[in-house]
$ cat protein_36.csv   # CSV, C-alpha atoms
chain,number,residue,atom,x,y,z
A,14,MET,CA,160.7,76.1,253.1
A,15,THR,CA,160.6,76.8,249.4
A,16,ALA,CA,157.1,76.1,248.2
A,17,ARG,CA,153.9,76.9,250.0
A,18,GLY,CA,151.3,74.2,249.8
A,19,PRO,CA,148.9,72.2,251.9
A,20,ARG,CA,151.7,70.4,253.8
A,21,LEU,CA,154.5,71.7,255.9
A,22,THR,CA,157.3,69.3,257.0
A,23,LEU,CA,159.2,70.3,260.2
A,24,ARG,CA,162.6,68.8,260.6
A,25,PRO,CA,164.7,69.0,263.8
A,26,HIS,CA,167.8,70.1,261.9
A,27,PRO,CA,168.2,72.3,258.8
A,28,ALA,CA,169.1,71.2,255.4
A,29,PRO,CA,172.9,71.1,254.6
A,30,GLN,CA,174.5,74.4,253.8
A,31,PRO,CA,176.1,74.9,250.4
A,32,TRP,CA,179.6,75.0,251.9
A,33,ALA,CA,179.0,71.5,253.4
A,34,VAL,CA,178.0,70.1,250.0
A,35,TRP,CA,181.0,71.6,248.3
A,36,LEU,CA,183.3,70.4,251.1
A,37,SER,CA,181.9,66.9,250.7
A,38,VAL,CA,182.4,67.0,246.9
A,39,ALA,CA,186.1,67.9,247.5
A,40,GLY,CA,186.4,65.2,250.1
A,41,GLY,CA,184.8,62.6,247.9
A,42,ALA,CA,187.3,63.5,245.1
A,43,LEU,CA,190.2,63.1,247.6
A,44,VAL,CA,188.9,59.7,248.7
A,45,LEU,CA,188.4,58.6,245.1
A,46,ALA,CA,191.9,59.9,244.1
A,47,GLY,CA,193.4,58.1,247.1
A,48,ALA,CA,191.7,54.9,246.2
A,49,LEU,CA,192.7,55.0,242.5
A,50,THR,CA,196.2,56.4,242.7
A,51,LEU,CA,199.2,56.1,244.9
A,52,LEU,CA,198.4,59.2,247.1
A,53,PRO,CA,199.4,59.0,250.7
A,54,LEU,CA,197.0,57.4,253.1
A,55,TRP,CA,196.6,60.6,255.1
A,56,LEU,CA,195.2,62.4,252.0
A,57,GLY,CA,192.5,59.9,251.5
A,58,ALA,CA,191.7,60.0,255.3
A,59,SER,CA,191.4,63.8,255.2
A,60,GLY,CA,188.9,63.3,252.3
A,61,VAL,CA,186.7,61.3,254.7
A,62,LEU,CA,186.9,64.1,257.2
A,63,LEU,CA,185.7,66.6,254.6
A,64,VAL,CA,182.6,64.4,253.9
A,65,LEU,CA,181.6,64.2,257.6
A,66,PRO,CA,179.8,67.7,257.8
A,67,LEU,CA,177.4,66.7,255.0
A,68,LEU,CA,176.7,63.3,256.6
A,69,TRP,CA,176.0,65.1,259.9
A,70,HIS,CA,173.4,67.4,258.2
A,71,LEU,CA,171.8,64.5,256.4
A,72,ARG,CA,171.4,62.3,259.5
A,73,PRO,CA,168.0,60.8,259.9
A,74,ALA,CA,165.7,62.2,262.6
A,75,PRO,CA,162.0,62.1,263.4
A,76,PHE,CA,159.9,64.9,261.8
A,77,THR,CA,156.5,66.4,262.0
A,78,VAL,CA,154.1,67.0,259.0
A,79,ILE,CA,151.2,69.5,259.2
A,80,ASP,CA,148.7,68.6,256.5
A,81,ARG,CA,145.9,71.2,256.2
A,82,ALA,CA,144.2,69.4,253.3
A,83,ALA,CA,143.8,66.2,255.3
A,84,GLY,CA,143.3,68.0,258.6
A,85,ARG,CA,146.0,66.3,260.6
A,86,VAL,CA,149.4,66.7,262.3
A,87,GLU,CA,151.5,63.6,261.9
A,88,GLU,CA,154.6,62.7,263.8
A,89,ARG,CA,156.9,60.4,261.8
A,90,SER,CA,160.0,58.4,262.7
A,91,ALA,CA,163.3,58.8,261.1
A,92,LEU,CA,162.4,56.1,258.6
A,93,GLY,CA,159.0,57.8,257.8
A,94,ARG,CA,156.8,55.5,259.7
A,95,LEU,CA,153.7,57.1,261.3
A,96,ARG,CA,154.1,57.3,265.1
A,97,HIS,CA,151.2,59.5,266.0
A,98,SER,CA,148.5,61.4,264.1
A,99,THR,CA,146.3,64.1,265.6
A,100,PRO,CA,143.2,65.3,263.6
A,101,PHE,CA,142.0,68.9,263.5
A,102,ASP,CA,139.2,70.7,261.7
A,103,ARG,CA,140.7,74.1,261.2
A,104,VAL,CA,143.9,76.0,262.1
A,105,GLU,CA,143.3,79.3,264.0
A,106,GLY,CA,147.0,80.2,264.5
A,107,VAL,CA,150.2,79.3,266.3
A,108,THR,CA,151.6,80.4,269.6
A,109,CYS,CA,154.3,79.6,272.1
A,110,ASP,CA,154.0,78.7,275.8
A,111,ARG,CA,156.1,77.3,278.5
A,112,VAL,CA,155.7,74.3,280.8
A,113,ILE,CA,157.5,74.0,284.1
A,114,LEU,CA,158.3,70.5,285.1
A,115,PRO,CA,159.0,69.6,288.7
A,116,SER,CA,162.5,68.6,289.6
A,117,ARG,CA,163.4,64.9,290.0
A,118,THR,CA,164.9,65.5,293.4
A,119,PRO,CA,163.4,67.4,296.3
A,120,ASP,CA,166.2,70.0,296.4
A,121,GLY,CA,166.7,70.2,292.6
A,122,THR,CA,165.8,72.9,290.2
A,123,GLU,CA,162.7,72.9,288.0
A,124,LEU,CA,163.0,72.4,284.2
A,125,THR,CA,161.3,74.8,281.8
A,126,ILE,CA,160.3,73.7,278.3
A,127,HIS,CA,159.2,76.2,275.7
A,128,ARG,CA,156.7,74.7,273.3
A,129,THR,CA,155.3,75.7,270.0
A,130,LEU,CA,151.6,75.1,269.8
A,131,LEU,CA,149.3,74.9,266.7
A,132,LEU,CA,145.9,76.4,267.7
A,133,THR,CA,143.1,74.4,266.2
A,134,GLY,CA,139.3,74.5,266.5
A,135,ASP,CA,139.3,71.6,269.1
A,136,ALA,CA,142.5,71.9,271.2
A,137,PRO,CA,146.0,73.1,270.8
A,138,ILE,CA,148.5,70.6,269.3
A,139,ALA,CA,152.1,70.7,270.6
A,140,LEU,CA,154.4,70.7,267.6
A,141,ARG,CA,157.7,70.6,269.4
A,142,GLY,CA,159.4,71.5,272.7
A,143,PHE,CA,162.7,73.3,273.2
A,144,GLY,CA,164.8,74.1,276.3
A,145,ALA,CA,165.1,77.8,275.2
A,146,PRO,CA,162.5,80.3,274.0
A,147,GLY,CA,164.5,81.3,270.8
A,148,PRO,CA,164.0,78.0,268.8
A,149,ALA,CA,160.3,78.0,269.8
A,150,ARG,CA,159.8,81.5,268.5
A,151,ASP,CA,161.7,80.6,265.3
A,152,LEU,CA,159.4,77.6,264.7
A,153,ARG,CA,156.4,79.8,265.4
A,154,ALA,CA,157.5,82.3,262.8
A,155,GLU,CA,158.1,79.6,260.2
A,156,VAL,CA,154.6,78.1,260.8
A,157,GLU,CA,153.0,81.7,260.8
A,158,ALA,CA,154.7,82.4,257.4
A,159,TRP,CA,153.3,79.1,256.1
A,160,LEU,CA,149.8,79.9,257.4
A,161,SER,CA,149.8,83.5,256.0
A,162,PRO,CA,146.8,84.4,253.8
A,163,GLY,CA,148.9,84.2,250.6
A,164,ALA,CA,149.7,80.6,251.5
A,165,GLU,CA,146.3,79.0,251.1
A,166,PRO,CA,146.4,75.4,250.1
A,167,ALA,CA,146.1,74.7,246.4
A,168,PRO,CA,143.2,72.4,245.4
A,169,ASP,CA,144.3,68.9,244.8
A,170,PRO,CA,144.2,68.1,241.1
A,171,ALA,CA,143.1,64.5,241.8
A,172,GLU,CA,139.8,65.7,243.2

$ encode --input "protein_36.csv" --output "structure tokens"
Amino acid sequence: MTARGPRLTLRPHPAPQPWAVWLSVAGGALVLAGALTLLPLWLGASGVLLVLPLLWHLRPAPFTVIDRAAGRVEERSALGRLRHSTPFDRVEGVTCDRVILPSRTPDGTELTIHRTLLLTGDAPIALRGFGAPGPARDLRAEVEAWLSPGAEPAPDPAE
């Protein structure tokens, strides 16, 4: 998260690391050199393997957008289509909780999901669920940093 504004986009996987970008540049150069010159085939193939980490980081996935100016939380598909929108009037904070799901079989173990919740004036809105408490706490810290008093939404210049 680089800029603080009225919108926060939560993606399920982080942006590519600089090493992945540089590795893919080197891999792209190898693929291009293998296509234009008489380099061995295995050298061009190794270039493709160097590009794979960047492609893995850039894979499309559904994401969540919290828009304080519009007063809604949107869940969007990997292509950006709106799946679900939940309106709210004000944000009071963010917290984590856990939900215990019953087992599918009578003698099986229960499943615990740790959720990150956005506390609003009406009812809490579940942002995302995780199997472990660590990622839920990390997401809570990210949203709290975005909601900090210094991060008030800027007025829209179009208004």

$ closest_residue --input "protein_36.csv" --among "A:Thr133, A:Pro29, A:Arg24, A:Gly142" --to "A:Ser90" --atoms "all atoms listed in the file"
A:Arg24

$ atom_distance --input "protein_36.csv" --atom1 "atom CA of A:Leu21" --atom2 "atom CA of A:Gly134"
18.7 Å

$ residues_around --input "protein_36.csv" --residues "A:Arg103" --least-positions-apart "3" --cutoff "10 Å" --atoms "only C-alpha atoms" --output "list in words"
Arg81, Ala82, Gly84, Arg85, Pro100, Gly106, Leu132, Thr133, Gly134 and Asp135 of chain A

$ residues_around --input "protein_36.csv" --residues "stretch 91-93 of chain A" --least-positions-apart "5" --cutoff "6 Å" --atoms "only C-alpha atoms" --output "PDB file with C-alpha atoms, keeping the file's coordinate frame"
ATOM      1  CA  PRO A  73     168.000  60.800 259.900  1.00  0.00           C
ATOM      2  CA  ALA A  74     165.700  62.200 262.600  1.00  0.00           C
ATOM      3  CA  PRO A  75     162.000  62.100 263.400  1.00  0.00           C
TER       4      PRO A  75
END

$ residues_near_point --input "protein_36.csv" --point "(156.0, 78.8, 273.3)" --cutoff "6 Å" --atoms "all atoms listed in the file" --output "number ranges by chain"
A: 108-111, 127-129, 149

$ build_atoms --input "protein_36.csv" --residues "stretch 60-71 of chain A" --atoms "all heavy atoms" --output "PDB file, in the frame of the given file"
ATOM      1  N   GLY A  60     190.086  63.266 253.161  1.00  0.00           N
ATOM      2  CA  GLY A  60     188.900  63.300 252.300  1.00  0.00           C
ATOM      3  C   GLY A  60     187.659  62.847 253.057  1.00  0.00           C
ATOM      4  O   GLY A  60     186.577  63.409 252.939  1.00  0.00           O
ATOM      5  N   VAL A  61     187.833  61.779 253.841  1.00  0.00           N
ATOM      6  CA  VAL A  61     186.700  61.300 254.700  1.00  0.00           C
ATOM      7  C   VAL A  61     186.292  62.319 255.658  1.00  0.00           C
ATOM      8  O   VAL A  61     185.097  62.535 255.893  1.00  0.00           O
ATOM      9  CB  VAL A  61     187.120  59.949 255.348  1.00  0.00           C
ATOM     10  CG1 VAL A  61     186.081  59.527 256.357  1.00  0.00           C
ATOM     11  CG2 VAL A  61     187.358  58.862 254.318  1.00  0.00           C
ATOM     12  N   LEU A  62     187.237  63.009 256.265  1.00  0.00           N
ATOM     13  CA  LEU A  62     186.900  64.100 257.200  1.00  0.00           C
ATOM     14  C   LEU A  62     186.146  65.212 256.588  1.00  0.00           C
ATOM     15  O   LEU A  62     185.312  65.846 257.235  1.00  0.00           O
ATOM     16  CB  LEU A  62     188.169  64.581 257.913  1.00  0.00           C
ATOM     17  CG  LEU A  62     188.877  63.601 258.835  1.00  0.00           C
ATOM     18  CD1 LEU A  62     190.168  64.199 259.370  1.00  0.00           C
ATOM     19  CD2 LEU A  62     187.961  63.193 259.972  1.00  0.00           C
ATOM     20  N   LEU A  63     186.405  65.480 255.313  1.00  0.00           N
ATOM     21  CA  LEU A  63     185.700  66.600 254.600  1.00  0.00           C
ATOM     22  C   LEU A  63     184.246  66.171 254.295  1.00  0.00           C
ATOM     23  O   LEU A  63     183.399  67.041 254.116  1.00  0.00           O
ATOM     24  CB  LEU A  63     186.429  66.947 253.342  1.00  0.00           C
ATOM     25  CG  LEU A  63     187.800  67.603 253.520  1.00  0.00           C
ATOM     26  CD1 LEU A  63     188.429  67.865 252.163  1.00  0.00           C
ATOM     27  CD2 LEU A  63     187.683  68.884 254.312  1.00  0.00           C
ATOM     28  N   VAL A  64     183.953  64.889 254.224  1.00  0.00           N
ATOM     29  CA  VAL A  64     182.600  64.400 253.900  1.00  0.00           C
ATOM     30  C   VAL A  64     181.732  64.414 255.192  1.00  0.00           C
ATOM     31  O   VAL A  64     180.510  64.503 255.116  1.00  0.00           O
ATOM     32  CB  VAL A  64     182.652  63.021 253.277  1.00  0.00           C
ATOM     33  CG1 VAL A  64     181.277  62.443 253.071  1.00  0.00           C
ATOM     34  CG2 VAL A  64     183.396  63.084 251.961  1.00  0.00           C
ATOM     35  N   LEU A  65     182.328  64.355 256.359  1.00  0.00           N
ATOM     36  CA  LEU A  65     181.600  64.200 257.600  1.00  0.00           C
ATOM     37  C   LEU A  65     180.565  65.357 257.862  1.00  0.00           C
ATOM     38  O   LEU A  65     179.470  65.065 258.343  1.00  0.00           O
ATOM     39  CB  LEU A  65     182.541  64.100 258.783  1.00  0.00           C
ATOM     40  CG  LEU A  65     183.277  62.762 258.860  1.00  0.00           C
ATOM     41  CD1 LEU A  65     184.222  62.744 260.045  1.00  0.00           C
ATOM     42  CD2 LEU A  65     182.306  61.609 258.937  1.00  0.00           C
ATOM     43  N   PRO A  66     180.849  66.643 257.573  1.00  0.00           N
ATOM     44  CA  PRO A  66     179.800  67.700 257.800  1.00  0.00           C
ATOM     45  C   PRO A  66     178.526  67.425 257.030  1.00  0.00           C
ATOM     46  O   PRO A  66     177.432  67.635 257.556  1.00  0.00           O
ATOM     47  CB  PRO A  66     180.474  68.972 257.387  1.00  0.00           C
ATOM     48  CG  PRO A  66     181.925  68.732 257.525  1.00  0.00           C
ATOM     49  CD  PRO A  66     182.115  67.276 257.212  1.00  0.00           C
ATOM     50  N   LEU A  67     178.627  66.954 255.788  1.00  0.00           N
ATOM     51  CA  LEU A  67     177.400  66.700 255.000  1.00  0.00           C
ATOM     52  C   LEU A  67     176.676  65.486 255.615  1.00  0.00           C
ATOM     53  O   LEU A  67     175.442  65.513 255.720  1.00  0.00           O
ATOM     54  CB  LEU A  67     177.778  66.375 253.554  1.00  0.00           C
ATOM     55  CG  LEU A  67     176.573  66.072 252.656  1.00  0.00           C
ATOM     56  CD1 LEU A  67     175.712  67.311 252.488  1.00  0.00           C
ATOM     57  CD2 LEU A  67     177.014  65.542 251.324  1.00  0.00           C
ATOM     58  N   LEU A  68     177.384  64.459 256.016  1.00  0.00           N
ATOM     59  CA  LEU A  68     176.700  63.300 256.600  1.00  0.00           C
ATOM     60  C   LEU A  68     176.030  63.718 257.935  1.00  0.00           C
ATOM     61  O   LEU A  68     174.957  63.205 258.259  1.00  0.00           O
ATOM     62  CB  LEU A  68     177.740  62.201 256.900  1.00  0.00           C
ATOM     63  CG  LEU A  68     178.340  61.562 255.657  1.00  0.00           C
ATOM     64  CD1 LEU A  68     179.381  60.523 256.051  1.00  0.00           C
ATOM     65  CD2 LEU A  68     177.264  60.954 254.795  1.00  0.00           C
ATOM     66  N   TRP A  69     176.623  64.646 258.674  1.00  0.00           N
ATOM     67  CA  TRP A  69     176.000  65.100 259.900  1.00  0.00           C
ATOM     68  C   TRP A  69     174.697  65.845 259.628  1.00  0.00           C
ATOM     69  O   TRP A  69     173.706  65.661 260.324  1.00  0.00           O
ATOM     70  CB  TRP A  69     176.967  66.032 260.668  1.00  0.00           C
ATOM     71  CG  TRP A  69     176.377  66.582 261.913  1.00  0.00           C
ATOM     72  CD1 TRP A  69     175.952  67.855 262.134  1.00  0.00           C
ATOM     73  CD2 TRP A  69     176.123  65.883 263.130  1.00  0.00           C
ATOM     74  NE1 TRP A  69     175.459  67.997 263.396  1.00  0.00           N
ATOM     75  CE2 TRP A  69     175.545  66.784 264.034  1.00  0.00           C
ATOM     76  CE3 TRP A  69     176.315  64.562 263.536  1.00  0.00           C
ATOM     77  CZ2 TRP A  69     175.167  66.431 265.313  1.00  0.00           C
ATOM     78  CZ3 TRP A  69     175.934  64.220 264.821  1.00  0.00           C
ATOM     79  CH2 TRP A  69     175.374  65.142 265.689  1.00  0.00           C
ATOM     80  N   HIS A  70     174.662  66.663 258.574  1.00  0.00           N
ATOM     81  CA  HIS A  70     173.400  67.400 258.200  1.00  0.00           C
ATOM     82  C   HIS A  70     172.367  66.460 257.673  1.00  0.00           C
ATOM     83  O   HIS A  70     171.176  66.748 257.804  1.00  0.00           O
ATOM     84  CB  HIS A  70     173.735  68.477 257.197  1.00  0.00           C
ATOM     85  CG  HIS A  70     174.375  69.691 257.769  1.00  0.00           C
ATOM     86  ND1 HIS A  70     173.729  70.554 258.605  1.00  0.00           N
ATOM     87  CD2 HIS A  70     175.623  70.179 257.641  1.00  0.00           C
ATOM     88  CE1 HIS A  70     174.534  71.527 258.951  1.00  0.00           C
ATOM     89  NE2 HIS A  70     175.707  71.316 258.381  1.00  0.00           N
ATOM     90  N   LEU A  71     172.761  65.380 257.049  1.00  0.00           N
ATOM     91  CA  LEU A  71     171.800  64.500 256.400  1.00  0.00           C
ATOM     92  C   LEU A  71     171.376  63.324 257.353  1.00  0.00           C
ATOM     93  O   LEU A  71     170.653  62.427 256.901  1.00  0.00           O
ATOM     94  CB  LEU A  71     172.394  63.882 255.140  1.00  0.00           C
ATOM     95  CG  LEU A  71     172.633  64.880 254.016  1.00  0.00           C
ATOM     96  CD1 LEU A  71     173.289  64.186 252.837  1.00  0.00           C
ATOM     97  CD2 LEU A  71     171.346  65.552 253.604  1.00  0.00           C
TER      98      LEU A  71
END
